[in-house]
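S.K.: So that we are looking at the same thing, I have put the structure below in structure tokens.
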Amino acid sequence: MVQKRRFSVDLDHIQQEGSENPSTPSILTPSKAKYFRRQFSEQNFDEEIIINRIDDEEKEQIKKPLLLLINGIEKLPYKIADINLAELGRKALSMAEAEMPGVMRLRKIYASKKPLKGVRLAGCLHVTAQTGVMIETFRALGAEVQWSSCNPLSTQDHIAAALVKAGIPIYAWKGETEEEKLWCIDQTIYFADGQPLNAILDDGCNLVRVIHEKYLHLTSVIHGSSEETTAGITKLRKLFKANKLKIPIINVNECVTKSKFDNNYGCGESLIDGIKRATDVMIGGKVVVIVGYGHVGKGCAKSLSGHGARVIITEIDPICALQAAMDGYQVMTMAEACKIGQIFVSATGSTGLIRGEHIMEMRDMAILCNIGSGQTEIDVVWLKANAIKIENIKPQVDIYHLSNGRAIILPADGRVVNLSCAHGNPSFVMSNSFSNQILAQIELFTKKGQYAIGIHTLPKILDEEVAMAHLDYLGVKLDKLTPTQSAYVDLEPCGPFKPDYYRY
Ligand SMILES: NC(=O)c1ccc[n+]([C@@H]2O[C@H](COP(=O)([O-])OP(=O)(O)OC[C@H]3O[C@@H](n4cnc5c(N)ncnc54)[C@H](O)[C@@H]3O)[C@@H](O)[C@H]2O)c1
């Protein structure tokens with residue numbers, strides 16, 4: 001049965017009013033409304049070109065910013081905190097570009113070929129300087145792009161402003177509510193010409209989840225999604241296992257040049273930055289408990305102990321626990337660690353790790369940080385329900401006073417501290433992750449139909465290319481396999497140098 005849907009387009013200009021108050025999102029007001037309506041079938045939706053049946057004058061007008069009403073949702077050209085921050089944002093983007101050799105190399109190689117022409121990419125990932133450089137690279141490669149953030153606290157408002165100024169529809173501002181975050185994601189489903197997205201870049205399965213829950217009929221026009229994080233992949237695996245996944249996924253997190261770098265070295269640096277900006281606390285000498293000794297936990301432990309912290313690890317996996325012990329850390333249960341830790345860092349991608357029973361045992365003024373995923377690694381709901389007083393110290397830092405007379409410091413409301421209280425992982429390491437994202441999008445689009453519904457990884461050779469693209473910048477030179485060595489170890493001199501199962 002062909003289902004009919006209503007679709008309205010306001011062809012008139014809309015004026016943008018920069019907000020005077022930087023904390024208030026800019027608002028857009030429509031001038032005279034004039035609606036173009038048509039009915040169309042979902043079955044041939046991707047073939048429909050909305051402007052085919054209108055005259056030339058209206059075609060000209062349709063190129064201007066549009067106000068769309070899609071399923072009753074008003075589509076704005078963008079929504080950010082303050083467009084006046086654009087100049088500041090542009091400077092930050094230039095600095096990030098200089099530290100992102102891999103992404104800039106891809107921009108240079110592919111800009112003339114435009115391999116992403118025809119891609120309507122909706123992204124849902126922290127709006128930071130590094131993401132901005134990636135977004136502008138997607139545009140240079142021919143894609144149309146619009147973006148929301150996967151985290152209500154991580155948007156860098158000056159970057160959002162610079163991107164909007166460059167004509168990119170961004171729907172994100174720092175301090176969104178959960179409801180506003182979902183509204184922002186909804187804004188990225190359809191583009192200004194009324195066409196829906198046909199590609200996704202996701203962090204934490206936020207956008208893919210919305211598509212599967214609310215826009216299932218669009219999955220047939222989506223080439224696929226590239227997922228950034230461990231936590232997102234966990235959710236996608238569940239979806240796939242339940243036979244509910246409807247699009248191909250490239251697991252970017254699984255690239256060696258992503259999880260062994262961004263998660264490890266990146267979080268190692270940005271965790272400290274987040275803790276310091278939130279609390280100004282001295283790390284040297286403190287007892288720090290890290291929950292989870294995976295990629296992120298390893299990087300955080302190394303970096304914290306480098307600052308002189310006495311690090312304790314809690315784990316559930318015997319292999320990771322053994323690694324932690326052999327790296328020289330104490331390993332114990334949370335029931336023991338909660339009594340002695342002064343700073344706690346959850347880094348698992350799981351839920352309910354630091355709970356009420358642990359919190360009540362903690363020392364006065366213990367700091368609870370999360371660098372894993374979402375907001376449930378620390379039981380923030382319990383804290384809110386059981387605190388006798390919640391004292392806001394500054395944006396993104398609260399002190400919870402407990403009935404036992406002690407207090408707990410909670411940065412970022414339990415969300416990722418590195419992106420909420422600081423600026424996230426540094427550009428150089430994100431250049432690795434985002435080079436993989438760009439290659440994943442090129443794979444999905446240029447090989448559409450070749451990736452089955454499911455979760456895939458990029459070929460090892462691309463991973464090696466991403467690493468190679470970052471060596472020059474560091475002044476690193478490689479030795480080359482001699483013909484004798486090449487024959488002896490049975491490897492081509494140009495790689496791949498390791499089998500897929502190699503663990504690094
Ligand atoms: N904030 C950031 O910038 C950032 C960057 C990368 C990844 N991440 C997120 O960090 C989280 C961890 O990523 P990863 O790559 O290290 O994953 P990982 O799978 O390598 O490591 C997670 C570790 O947590 C351990 N763990 C699980 N449940 C536990 C429990 N109850 N107690 C103790 N340990 C437990 C697991 O055994 C595992 O070793 C994910 O949610 C990921 O999405 C955040």
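How things are named: the first chain in the structure tokens is A, the next is B, and so on; residues count from 1 in each chain; ligands count from 1 in the order shown.
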Let me see if you get this right: every residue at most 7 Å from ligand 1, counting only C-alpha atoms and all ligand atoms, written as number ranges by chain.

M.R.: A: 204, 229-232, 259, 262-263, 267, 291-297, 314-317, 320, 347-350, 353, 371-373, 416, 418-419, 424-425

S.K.: Using only C-alpha atoms, what does the table of stretch 213-294 of chain A residues within 9 Å of stretch 441-449 of chain A look like, with each row giving the shortest atom pair and its distance in Å to one decimal, sorted by chain and ascending number, as a tab-separated table?

M.R.:
residue	atom	partner	partner_atom	distance
A:His223	CA	A:Lys448	CA	5.9
A:Gly224	CA	A:Leu444	CA	6.1
A:Ser225	CA	A:Gln441	CA	7.7
A:Ser226	CA	A:Gln441	CA	6.8
A:Pro248	CA	A:Leu444	CA	8.2
A:Ile249	CA	A:Leu444	CA	8.6
A:Ile250	CA	A:Leu444	CA	8.0

S.K.: Run DSSP on the backbone and grab whatever in stretch 117-354 of chain A lands in helix (DSSP H, G or I); send it over as a ChimeraX atom specification.

M.R.: /A:129-140,157-165,178-187,206-214,216-221,230-241,252-254,256-279,295-306,318-326,334-337

S.K.: Rank A:Ala422, A:Asp379, A:Gln130, A:Glu136 by their smallest atom-to-atom distance to A:Ile272, using only C-alpha atoms, and report the top residue only.

M.R.: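 Distance minimum relative to A:Ile272 lands on A:Ala422.
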
S.K.: Quick one: pull the distance between atom CA of A:Thr351 and atom CA of A:Ile290, Å, one decimal.

M.R.: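 That distance, rounded to one decimal, is 14.5 Å.
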
S.K.: Taking only stretch 371-437 of chain A into account, list the residues labelled strand (DSSP E) by DSSP (computed from the backbone), as a list in words.

M.R.: Lys389, Ile390, Glu391, Asn392, Ile393, Lys394, Val397, Asp398, Ile399, Tyr400, His401, Ala407, Ile408, Ile409, Leu410 and Pro411 of chain A

S.K.: Between atom CA of A:Ile461 and atom CA of A:Leu491, what is the spacing in Å?

M.R.: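 Atom CA of A:Leu491 sits 12.4 Å away from atom CA of A:Ile461.
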
S.K.: Skipping near chain neighbours, those fewer than 5 positions away, what residues fall within 10 Å of A:Ala309 using only C-alpha atoms, listed as a list in words?

M.R.: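 Once the nearby chain positions are removed, what remains is Met282, Ile283, Gly284, Gly285, Lys286, Val287, Val288, Val289, Ala301, Lys302, Ser303, Leu304 and Ile343 of chain A.
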
S.K.: With distances taken over only C-alpha atoms, which residue among A:Met362, A:Ala321, A:Val417, A:Val145 lies nearest A:Thr279?

M.R.: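 Closest candidate: A:Val417.
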
S.K.: Taking 5 positions as the minimum chain separation for residues in the same chain, which residues sit within 10 Å of A:Ser154 when counting only C-alpha atoms? Answer as a PyMOL selection string.

M.R.: chain A and resi 125-128+149+172-176+412+415-424

S.K.: Which distance in Å separates atom CA of A:Leu69 and atom CA of A:Ala143, to one decimal?

M.R.: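 If I compute the distance from atom CA of A:Leu69 to atom CA of A:Ala143, I get 23.4 Å.
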